[in-house]
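Asker: Mind having a look at this structure? Questions to follow.
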Amino acid sequence: MCYCQSQLVNSLSLSLQRNQLQSMTIQFSYNKNQVLQALRYHFLSKKEIRLMIILVNVFALASAALFYFKQILPLAFIVGSFLWFALMISFWFILPGMVYRRAATFQDHFTMHFDENSFSVGNERGSRSWPWKALSNFLETPYFFHLYFDSRSFFLVPKSAFANSDEVYQLRHLMKEKVKA
């Protein structure tokens with residue numbers, strides 16, 4: 001009897017949570033440091049960039065080992081080290097900084113609305129709504145949800161805009177249900 005009651009309570013709780021997913025509205029502006037970190041995640045999540053980093057790391061380690069065993073001249077080791085440093089600096093600092101400076105989006109204040117069928121983004125200049133099927137993928141990072149329309153076009157939704165962790169959980173659950181990768 002007690003087990004059935006707890007299942008009924010859990011079922012009611014889930015249906016209440018499901019009803020709360022019907023509609024959610026948030027407002028936010030972006031934090032520069034958090035956006036830069038999100039852009040780093042974006043770049044490093046790309047398969048071709050990860051492959052390039054792995055290849056440069058292997059080349060740098062191989063040149064270090066060969067230099068240690070006196071199989072190559074110091075110039076090859078220096079070139080491998082330079083490539084590694086240049087790659088890390090570009091993906092960690094230069095690319096995120098360039099994207100942040102070029103995109104006026106990160107200076108705006110937004111209102112987003114989420115419901116069962118769609119989501120919308122608006123600012124003082126207007127708004128736009130999309131069905132969930134317009135998203136190809138989503139990525140969750142420590143500060144953001146990355147909503148991907150395609151491999152290069154995405155929108156960042158800050159977790160700090162939500163009232164509490166329950167709302168973050170609800171959006172995560174909604175996106176897992178609606179966005180099919």
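Ligands are numbered from 1 in the order shown, residues from 1 within each chain, and chains are lettered A, B, ... in the order they appear in the structure tokens.
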From a backbone DSSP assignment, name each residue in chain A labelled strand (DSSP E or B), as a compact mmCIF listing (two decimals) with all heavy atoms, in the first residue's frame.
Answerer:
```
# COMPACT_ATOMS: atom_id res chain seq x y z
N SER A 23 5.74 26.30 -20.21
CA SER A 23 6.15 27.66 -20.53
C SER A 23 7.18 28.16 -19.52
O SER A 23 7.00 27.96 -18.32
CB SER A 23 4.92 28.56 -20.53
OG SER A 23 5.27 29.88 -20.80
N MET A 24 8.24 28.77 -20.03
CA MET A 24 9.27 29.33 -19.16
C MET A 24 9.86 30.55 -19.88
O MET A 24 10.15 30.48 -21.07
CB MET A 24 10.36 28.28 -18.91
CG MET A 24 11.43 28.72 -17.96
SD MET A 24 12.79 27.52 -17.77
CE MET A 24 12.01 25.94 -17.81
N THR A 25 10.03 31.64 -19.16
CA THR A 25 10.60 32.86 -19.73
C THR A 25 11.78 33.31 -18.88
O THR A 25 11.70 33.31 -17.66
CB THR A 25 9.54 33.99 -19.81
OG1 THR A 25 8.44 33.52 -20.59
CG2 THR A 25 10.11 35.23 -20.44
N ILE A 26 12.87 33.68 -19.56
CA ILE A 26 14.06 34.18 -18.87
C ILE A 26 14.51 35.47 -19.53
O ILE A 26 14.19 35.73 -20.70
CB ILE A 26 15.21 33.16 -18.87
CG1 ILE A 26 15.64 32.82 -20.30
CG2 ILE A 26 14.84 31.92 -18.09
CD1 ILE A 26 16.92 31.99 -20.39
N GLN A 27 15.24 36.27 -18.79
CA GLN A 27 15.85 37.50 -19.31
C GLN A 27 17.31 37.49 -18.92
O GLN A 27 17.66 37.08 -17.82
CB GLN A 27 15.17 38.73 -18.74
CG GLN A 27 13.73 38.86 -19.17
CD GLN A 27 13.10 40.16 -18.67
OE1 GLN A 27 13.75 40.96 -18.02
NE2 GLN A 27 11.83 40.33 -18.98
N PHE A 28 18.17 37.98 -19.85
CA PHE A 28 19.60 37.93 -19.54
C PHE A 28 20.41 38.88 -20.42
O PHE A 28 19.96 39.30 -21.48
CB PHE A 28 20.14 36.50 -19.70
CG PHE A 28 19.98 35.94 -21.09
CD1 PHE A 28 20.97 36.11 -22.05
CD2 PHE A 28 18.84 35.24 -21.44
CE1 PHE A 28 20.82 35.58 -23.32
CE2 PHE A 28 18.69 34.70 -22.70
CZ PHE A 28 19.68 34.88 -23.65
N SER A 29 21.59 39.18 -19.92
CA SER A 29 22.67 39.81 -20.67
C SER A 29 23.87 38.89 -20.48
O SER A 29 23.90 38.07 -19.57
CB SER A 29 22.98 41.20 -20.13
OG SER A 29 21.88 42.05 -20.33
N HIS A 109 20.62 42.76 -24.47
CA HIS A 109 19.82 42.17 -23.39
C HIS A 109 18.70 41.38 -24.07
O HIS A 109 18.05 41.88 -24.98
CB HIS A 109 19.23 43.26 -22.49
CG HIS A 109 18.44 42.70 -21.37
ND1 HIS A 109 19.01 42.16 -20.25
CD2 HIS A 109 17.09 42.56 -21.20
CE1 HIS A 109 18.06 41.73 -19.44
NE2 HIS A 109 16.89 41.96 -20.00
N PHE A 110 18.50 40.13 -23.66
CA PHE A 110 17.55 39.24 -24.32
C PHE A 110 16.47 38.75 -23.39
O PHE A 110 16.67 38.65 -22.18
CB PHE A 110 18.27 38.01 -24.89
CG PHE A 110 19.19 38.32 -26.02
CD1 PHE A 110 20.54 38.50 -25.80
CD2 PHE A 110 18.70 38.43 -27.31
CE1 PHE A 110 21.39 38.79 -26.83
CE2 PHE A 110 19.56 38.72 -28.36
CZ PHE A 110 20.89 38.90 -28.13
N THR A 111 15.35 38.39 -24.00
CA THR A 111 14.28 37.66 -23.35
C THR A 111 14.05 36.40 -24.17
O THR A 111 13.93 36.47 -25.39
CB THR A 111 12.97 38.48 -23.31
OG1 THR A 111 13.23 39.69 -22.59
CG2 THR A 111 11.86 37.72 -22.64
N MET A 112 14.03 35.26 -23.49
CA MET A 112 13.77 33.99 -24.17
C MET A 112 12.55 33.35 -23.55
O MET A 112 12.35 33.41 -22.33
CB MET A 112 14.96 33.04 -24.06
CG MET A 112 16.09 33.36 -24.98
SD MET A 112 17.33 32.06 -25.05
CE MET A 112 16.63 30.96 -26.26
N HIS A 113 11.78 32.73 -24.41
CA HIS A 113 10.59 32.02 -23.97
C HIS A 113 10.68 30.58 -24.50
O HIS A 113 10.96 30.37 -25.68
CB HIS A 113 9.33 32.71 -24.51
CG HIS A 113 8.07 32.04 -24.08
ND1 HIS A 113 7.57 32.17 -22.81
CD2 HIS A 113 7.23 31.21 -24.74
CE1 HIS A 113 6.46 31.45 -22.72
NE2 HIS A 113 6.25 30.86 -23.89
N PHE A 114 10.45 29.62 -23.61
CA PHE A 114 10.49 28.21 -23.97
C PHE A 114 9.12 27.60 -23.69
O PHE A 114 8.53 27.86 -22.65
CB PHE A 114 11.52 27.45 -23.12
CG PHE A 114 12.90 28.01 -23.19
CD1 PHE A 114 13.36 28.91 -22.23
CD2 PHE A 114 13.75 27.64 -24.22
CE1 PHE A 114 14.64 29.42 -22.30
CE2 PHE A 114 15.05 28.16 -24.29
CZ PHE A 114 15.47 29.05 -23.32
N ASP A 115 8.63 26.79 -24.62
CA ASP A 115 7.43 26.00 -24.37
C ASP A 115 7.57 24.65 -25.05
O ASP A 115 8.63 24.34 -25.61
CB ASP A 115 6.16 26.75 -24.77
CG ASP A 115 6.08 27.08 -26.25
OD1 ASP A 115 6.51 26.25 -27.07
OD2 ASP A 115 5.60 28.18 -26.58
N SER A 118 8.08 25.23 -29.14
CA SER A 118 9.03 26.17 -29.73
C SER A 118 9.78 26.95 -28.65
O SER A 118 9.48 26.82 -27.47
CB SER A 118 8.30 27.15 -30.65
OG SER A 118 7.40 27.94 -29.89
N PHE A 119 10.71 27.75 -29.12
CA PHE A 119 11.38 28.71 -28.25
C PHE A 119 11.54 30.00 -29.04
O PHE A 119 11.55 29.99 -30.27
CB PHE A 119 12.74 28.18 -27.75
CG PHE A 119 13.76 27.99 -28.83
CD1 PHE A 119 14.72 28.97 -29.07
CD2 PHE A 119 13.77 26.85 -29.62
CE1 PHE A 119 15.67 28.79 -30.06
CE2 PHE A 119 14.71 26.66 -30.61
CZ PHE A 119 15.66 27.64 -30.83
N SER A 120 11.64 31.11 -28.32
CA SER A 120 11.78 32.40 -29.00
C SER A 120 12.85 33.23 -28.29
O SER A 120 13.10 33.06 -27.10
CB SER A 120 10.47 33.16 -29.03
OG SER A 120 10.05 33.49 -27.73
N VAL A 121 13.47 34.09 -29.07
CA VAL A 121 14.50 35.00 -28.57
C VAL A 121 14.10 36.40 -28.99
O VAL A 121 13.73 36.62 -30.14
CB VAL A 121 15.88 34.67 -29.18
CG1 VAL A 121 16.94 35.65 -28.69
CG2 VAL A 121 16.29 33.25 -28.87
N GLY A 122 14.17 37.33 -28.06
CA GLY A 122 13.83 38.70 -28.40
C GLY A 122 14.72 39.70 -27.70
O GLY A 122 15.30 39.42 -26.65
N ASN A 123 14.86 40.87 -28.31
CA ASN A 123 15.54 42.01 -27.68
C ASN A 123 14.77 43.26 -28.06
O ASN A 123 13.67 43.18 -28.61
CB ASN A 123 17.02 42.07 -28.07
CG ASN A 123 17.25 42.27 -29.55
OD1 ASN A 123 16.34 42.62 -30.30
ND2 ASN A 123 18.47 42.03 -29.99
N GLY A 126 13.47 43.43 -31.77
CA GLY A 126 12.52 42.47 -32.30
C GLY A 126 12.69 41.10 -31.68
O GLY A 126 13.48 40.92 -30.76
N SER A 127 11.93 40.15 -32.21
CA SER A 127 12.03 38.79 -31.68
C SER A 127 11.84 37.79 -32.82
O SER A 127 11.38 38.13 -33.90
CB SER A 127 10.98 38.55 -30.60
OG SER A 127 9.69 38.60 -31.15
N ARG A 128 12.21 36.56 -32.53
CA ARG A 128 12.12 35.49 -33.51
C ARG A 128 11.81 34.21 -32.76
O ARG A 128 12.34 33.95 -31.68
CB ARG A 128 13.45 35.37 -34.25
CG ARG A 128 13.60 34.17 -35.14
CD ARG A 128 13.19 34.45 -36.57
NE ARG A 128 13.00 33.22 -37.33
CZ ARG A 128 13.91 32.65 -38.08
NH1 ARG A 128 15.11 33.19 -38.17
NH2 ARG A 128 13.65 31.55 -38.74
N SER A 129 10.96 33.39 -33.37
CA SER A 129 10.56 32.12 -32.77
C SER A 129 10.97 30.98 -33.70
O SER A 129 10.94 31.14 -34.93
CB SER A 129 9.05 32.11 -32.56
OG SER A 129 8.65 30.91 -31.96
N TRP A 130 11.36 29.83 -33.11
CA TRP A 130 11.74 28.64 -33.87
C TRP A 130 11.05 27.43 -33.27
O TRP A 130 10.94 27.32 -32.04
CB TRP A 130 13.24 28.39 -33.81
CG TRP A 130 14.11 29.37 -34.48
CD1 TRP A 130 14.49 29.38 -35.79
CD2 TRP A 130 14.75 30.51 -33.87
NE1 TRP A 130 15.33 30.45 -36.03
CE2 TRP A 130 15.50 31.15 -34.87
CE3 TRP A 130 14.75 31.04 -32.59
CZ2 TRP A 130 16.24 32.30 -34.62
CZ3 TRP A 130 15.49 32.17 -32.34
CH2 TRP A 130 16.22 32.80 -33.35
N PRO A 131 10.69 26.47 -34.09
CA PRO A 131 10.26 25.18 -33.53
C PRO A 131 11.49 24.42 -33.04
O PRO A 131 12.62 24.69 -33.49
CB PRO A 131 9.62 24.47 -34.72
CG PRO A 131 10.29 25.07 -35.92
CD PRO A 131 10.60 26.50 -35.54
N ASN A 137 21.33 20.31 -32.64
CA ASN A 137 22.04 19.75 -31.50
C ASN A 137 22.02 20.77 -30.37
O ASN A 137 21.72 21.94 -30.58
CB ASN A 137 23.48 19.44 -31.91
CG ASN A 137 24.21 18.58 -30.90
OD1 ASN A 137 23.62 18.01 -30.02
ND2 ASN A 137 25.52 18.50 -31.06
N PHE A 138 22.40 20.33 -29.18
CA PHE A 138 22.66 21.26 -28.08
C PHE A 138 23.81 20.71 -27.26
O PHE A 138 24.07 19.52 -27.25
CB PHE A 138 21.41 21.53 -27.23
CG PHE A 138 21.10 20.47 -26.20
CD1 PHE A 138 21.56 20.61 -24.90
CD2 PHE A 138 20.36 19.36 -26.54
CE1 PHE A 138 21.27 19.65 -23.95
CE2 PHE A 138 20.07 18.39 -25.60
CZ PHE A 138 20.53 18.53 -24.30
N LEU A 139 24.52 21.63 -26.62
CA LEU A 139 25.66 21.28 -25.80
C LEU A 139 25.50 22.01 -24.48
O LEU A 139 25.17 23.20 -24.46
CB LEU A 139 26.96 21.72 -26.49
CG LEU A 139 28.27 21.62 -25.71
CD1 LEU A 139 28.63 20.15 -25.47
CD2 LEU A 139 29.39 22.30 -26.47
N GLU A 140 25.72 21.32 -23.39
CA GLU A 140 25.66 21.96 -22.08
C GLU A 140 27.08 22.10 -21.54
O GLU A 140 27.85 21.14 -21.52
CB GLU A 140 24.81 21.14 -21.11
CG GLU A 140 24.65 21.81 -19.77
CD GLU A 140 23.73 21.05 -18.83
OE1 GLU A 140 23.14 20.04 -19.24
OE2 GLU A 140 23.63 21.49 -17.67
N PHE A 144 26.51 27.66 -19.75
CA PHE A 144 25.57 27.87 -20.84
C PHE A 144 24.99 26.58 -21.39
O PHE A 144 25.57 25.51 -21.25
CB PHE A 144 26.26 28.56 -22.03
CG PHE A 144 26.69 29.97 -21.76
CD1 PHE A 144 27.99 30.25 -21.37
CD2 PHE A 144 25.81 31.02 -21.91
CE1 PHE A 144 28.40 31.54 -21.12
CE2 PHE A 144 26.21 32.32 -21.67
CZ PHE A 144 27.50 32.58 -21.27
N PHE A 145 23.86 26.76 -22.08
CA PHE A 145 23.35 25.79 -23.04
C PHE A 145 23.68 26.38 -24.40
O PHE A 145 23.35 27.53 -24.68
CB PHE A 145 21.83 25.61 -22.92
CG PHE A 145 21.40 24.90 -21.68
CD1 PHE A 145 20.80 25.58 -20.64
CD2 PHE A 145 21.56 23.52 -21.56
CE1 PHE A 145 20.39 24.93 -19.49
CE2 PHE A 145 21.15 22.85 -20.42
CZ PHE A 145 20.56 23.56 -19.38
N HIS A 146 24.34 25.62 -25.26
CA HIS A 146 24.63 26.04 -26.63
C HIS A 146 23.55 25.42 -27.50
O HIS A 146 23.48 24.20 -27.61
CB HIS A 146 25.99 25.51 -27.09
CG HIS A 146 27.14 25.96 -26.26
ND1 HIS A 146 28.26 26.52 -26.81
CD2 HIS A 146 27.37 25.92 -24.93
CE1 HIS A 146 29.12 26.81 -25.85
NE2 HIS A 146 28.60 26.44 -24.70
N LEU A 147 22.73 26.25 -28.12
CA LEU A 147 21.68 25.75 -29.01
C LEU A 147 22.17 25.87 -30.44
O LEU A 147 22.32 26.97 -30.96
CB LEU A 147 20.39 26.57 -28.83
CG LEU A 147 19.84 26.69 -27.40
CD1 LEU A 147 18.56 27.51 -27.40
CD2 LEU A 147 19.62 25.33 -26.80
N TYR A 148 22.43 24.74 -31.08
CA TYR A 148 23.01 24.71 -32.42
C TYR A 148 21.93 24.57 -33.49
O TYR A 148 21.15 23.62 -33.48
CB TYR A 148 24.00 23.56 -32.57
CG TYR A 148 25.31 23.81 -31.89
CD1 TYR A 148 25.52 23.43 -30.58
CD2 TYR A 148 26.34 24.45 -32.57
CE1 TYR A 148 26.73 23.68 -29.95
CE2 TYR A 148 27.56 24.70 -31.95
CZ TYR A 148 27.73 24.31 -30.64
OH TYR A 148 28.93 24.57 -30.03
N PHE A 154 24.96 29.07 -33.71
CA PHE A 154 24.45 28.66 -32.41
C PHE A 154 24.08 29.88 -31.57
O PHE A 154 24.46 31.01 -31.88
CB PHE A 154 25.45 27.77 -31.67
CG PHE A 154 26.74 28.46 -31.31
CD1 PHE A 154 26.94 28.97 -30.04
CD2 PHE A 154 27.77 28.56 -32.24
CE1 PHE A 154 28.13 29.59 -29.70
CE2 PHE A 154 28.95 29.17 -31.92
CZ PHE A 154 29.14 29.69 -30.65
N PHE A 155 23.33 29.63 -30.51
CA PHE A 155 22.93 30.68 -29.58
C PHE A 155 23.24 30.20 -28.18
O PHE A 155 23.00 29.03 -27.84
CB PHE A 155 21.43 30.98 -29.73
CG PHE A 155 21.00 32.22 -29.03
CD1 PHE A 155 21.20 33.46 -29.62
CD2 PHE A 155 20.43 32.17 -27.77
CE1 PHE A 155 20.82 34.62 -28.96
CE2 PHE A 155 20.05 33.32 -27.12
CZ PHE A 155 20.25 34.55 -27.71
N LEU A 156 23.77 31.09 -27.35
CA LEU A 156 24.14 30.75 -25.99
C LEU A 156 23.03 31.17 -25.03
O LEU A 156 22.61 32.33 -25.04
CB LEU A 156 25.44 31.45 -25.59
CG LEU A 156 26.70 31.06 -26.34
CD1 LEU A 156 27.86 31.94 -25.92
CD2 LEU A 156 27.03 29.61 -26.11
N VAL A 157 22.59 30.23 -24.20
CA VAL A 157 21.58 30.52 -23.18
C VAL A 157 22.25 30.37 -21.82
O VAL A 157 22.62 29.26 -21.42
CB VAL A 157 20.39 29.54 -23.28
CG1 VAL A 157 19.35 29.86 -22.22
CG2 VAL A 157 19.79 29.57 -24.68
N PRO A 158 22.44 31.48 -21.09
CA PRO A 158 23.15 31.39 -19.80
C PRO A 158 22.30 30.71 -18.72
O PRO A 158 21.12 31.02 -18.56
CB PRO A 158 23.43 32.85 -19.43
CG PRO A 158 22.60 33.68 -20.32
CD PRO A 158 22.11 32.85 -21.44
```
Asker: Please return, as a ChimeraX atom specification, all residues of range 39-128 of chain A that DSSP assigns to helix (DSSP H, G or I) on the basis of the backbone.
Answerer: /A:39-44,47-68,74-102,104-107
Asker: Determine, counting only C-alpha atoms, which protein, DNA and RNA residues have an atom within 9 Å of an atom of range 38-46 of chain A; residues of the same chain fewer than 4 positions away are not included. Present the result as an mmCIF file with N, CA, C and O atoms, in the first residue's frame.
Answerer:
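Heads up, here's the output in result-v1.cif:
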```cif
data_model
loop_
_atom_site.group_PDB
_atom_site.id
_atom_site.type_symbol
_atom_site.label_atom_id
_atom_site.label_comp_id
_atom_site.auth_asym_id
_atom_site.auth_seq_id
_atom_site.Cartn_x
_atom_site.Cartn_y
_atom_site.Cartn_z
ATOM 1 N N ASN A 33 33.522 37.120 -19.546
ATOM 2 C CA ASN A 33 34.399 36.000 -19.204
ATOM 3 C C ASN A 33 33.706 34.656 -19.410
ATOM 4 O O ASN A 33 34.322 33.695 -19.884
ATOM 5 N N GLN A 34 32.422 34.580 -19.081
ATOM 6 C CA GLN A 34 31.684 33.343 -19.281
ATOM 7 C C GLN A 34 31.494 33.051 -20.771
ATOM 8 O O GLN A 34 31.579 31.904 -21.202
ATOM 9 N N ARG A 50 39.811 19.210 -32.578
ATOM 10 C CA ARG A 50 40.391 18.235 -31.646
ATOM 11 C C ARG A 50 41.423 17.367 -32.347
ATOM 12 O O ARG A 50 42.492 17.081 -31.803
ATOM 13 N N LEU A 51 41.127 16.941 -33.586
ATOM 14 C CA LEU A 51 42.081 16.132 -34.344
ATOM 15 C C LEU A 51 43.368 16.910 -34.615
ATOM 16 O O LEU A 51 44.474 16.376 -34.451
ATOM 17 N N PHE A 91 43.473 28.984 -30.037
ATOM 18 C CA PHE A 91 42.176 28.431 -29.651
ATOM 19 C C PHE A 91 41.740 28.856 -28.261
ATOM 20 O O PHE A 91 40.556 28.830 -27.955
ATOM 21 N N TRP A 92 42.660 29.237 -27.405
ATOM 22 C CA TRP A 92 42.290 29.604 -26.043
ATOM 23 C C TRP A 92 42.037 31.103 -25.895
ATOM 24 O O TRP A 92 41.185 31.508 -25.104
ATOM 25 N N PHE A 93 42.766 31.933 -26.644
ATOM 26 C CA PHE A 93 42.645 33.379 -26.465
ATOM 27 C C PHE A 93 42.204 34.127 -27.725
ATOM 28 O O PHE A 93 41.262 34.918 -27.682
ATOM 29 N N LEU A 95 40.947 33.270 -30.982
ATOM 30 C CA LEU A 95 39.657 32.995 -31.634
ATOM 31 C C LEU A 95 38.457 33.390 -30.777
ATOM 32 O O LEU A 95 37.550 34.072 -31.273
ATOM 33 N N PRO A 96 38.398 33.013 -29.497
ATOM 34 C CA PRO A 96 37.248 33.461 -28.701
ATOM 35 C C PRO A 96 37.168 34.991 -28.600
ATOM 36 O O PRO A 96 36.078 35.560 -28.676
ATOM 37 N N GLY A 97 38.310 35.645 -28.459
ATOM 38 C CA GLY A 97 38.313 37.110 -28.383
ATOM 39 C C GLY A 97 37.826 37.755 -29.668
ATOM 40 O O GLY A 97 37.065 38.738 -29.642
ATOM 41 N N VAL A 99 35.785 36.424 -31.957
ATOM 42 C CA VAL A 99 34.344 36.190 -32.105
ATOM 43 C C VAL A 99 33.566 37.102 -31.161
ATOM 44 O O VAL A 99 32.554 37.693 -31.552
ATOM 45 N N TYR A 100 34.036 37.240 -29.931
ATOM 46 C CA TYR A 100 33.338 38.097 -28.966
ATOM 47 C C TYR A 100 33.294 39.551 -29.444
ATOM 48 O O TYR A 100 32.267 40.209 -29.373
ATOM 49 N N LEU A 139 24.516 21.629 -26.624
ATOM 50 C CA LEU A 139 25.659 21.284 -25.797
ATOM 51 C C LEU A 139 25.502 22.015 -24.478
ATOM 52 O O LEU A 139 25.165 23.203 -24.461
ATOM 53 N N THR A 141 27.416 23.317 -21.128
ATOM 54 C CA THR A 141 28.713 23.615 -20.530
ATOM 55 C C THR A 141 28.455 24.199 -19.138
ATOM 56 O O THR A 141 27.297 24.416 -18.767
ATOM 57 N N PRO A 142 29.476 24.473 -18.357
ATOM 58 C CA PRO A 142 29.230 24.946 -16.989
ATOM 59 C C PRO A 142 28.349 26.199 -16.882
ATOM 60 O O PRO A 142 27.547 26.299 -15.951
ATOM 61 N N TYR A 143 28.453 27.129 -17.815
ATOM 62 C CA TYR A 143 27.695 28.373 -17.707
ATOM 63 C C TYR A 143 26.557 28.501 -18.707
ATOM 64 O O TYR A 143 25.708 29.377 -18.564
ATOM 65 N N PHE A 144 26.511 27.661 -19.755
ATOM 66 C CA PHE A 144 25.567 27.871 -20.844
ATOM 67 C C PHE A 144 24.985 26.577 -21.387
ATOM 68 O O PHE A 144 25.574 25.505 -21.255
ATOM 69 N N HIS A 146 24.337 25.621 -25.259
ATOM 70 C CA HIS A 146 24.630 26.042 -26.628
ATOM 71 C C HIS A 146 23.549 25.423 -27.504
ATOM 72 O O HIS A 146 23.479 24.199 -27.614
ATOM 73 N N SER A 151 26.262 23.402 -37.687
ATOM 74 C CA SER A 151 27.577 23.238 -37.046
ATOM 75 C C SER A 151 28.261 24.562 -36.723
ATOM 76 O O SER A 151 29.143 24.612 -35.875
ATOM 77 N N LEU A 156 23.775 31.089 -27.355
ATOM 78 C CA LEU A 156 24.139 30.746 -25.988
ATOM 79 C C LEU A 156 23.033 31.174 -25.030
ATOM 80 O O LEU A 156 22.612 32.328 -25.041
#
```
Asker: Nearest to Met175 in chain A among A:Ala62, A:Ile78, A:Val56, A:Leu135, with distances taken over only C-alpha atoms: which residue is it?
Answerer: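 When distances to Met175 in chain A are compared using only C-alpha atoms, the smallest one comes from A:Leu135.
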Asker: Smallest atom-to-atom distance to Tyr30 in chain A: which of A:Asn57, A:Ala163, A:Trp84, A:Ala103, using only C-alpha atoms?
Answerer: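 Of A:Asn57, A:Ala163, A:Trp84, A:Ala103, the one nearest Tyr30 in chain A is A:Ala103, counting only C-alpha atoms.
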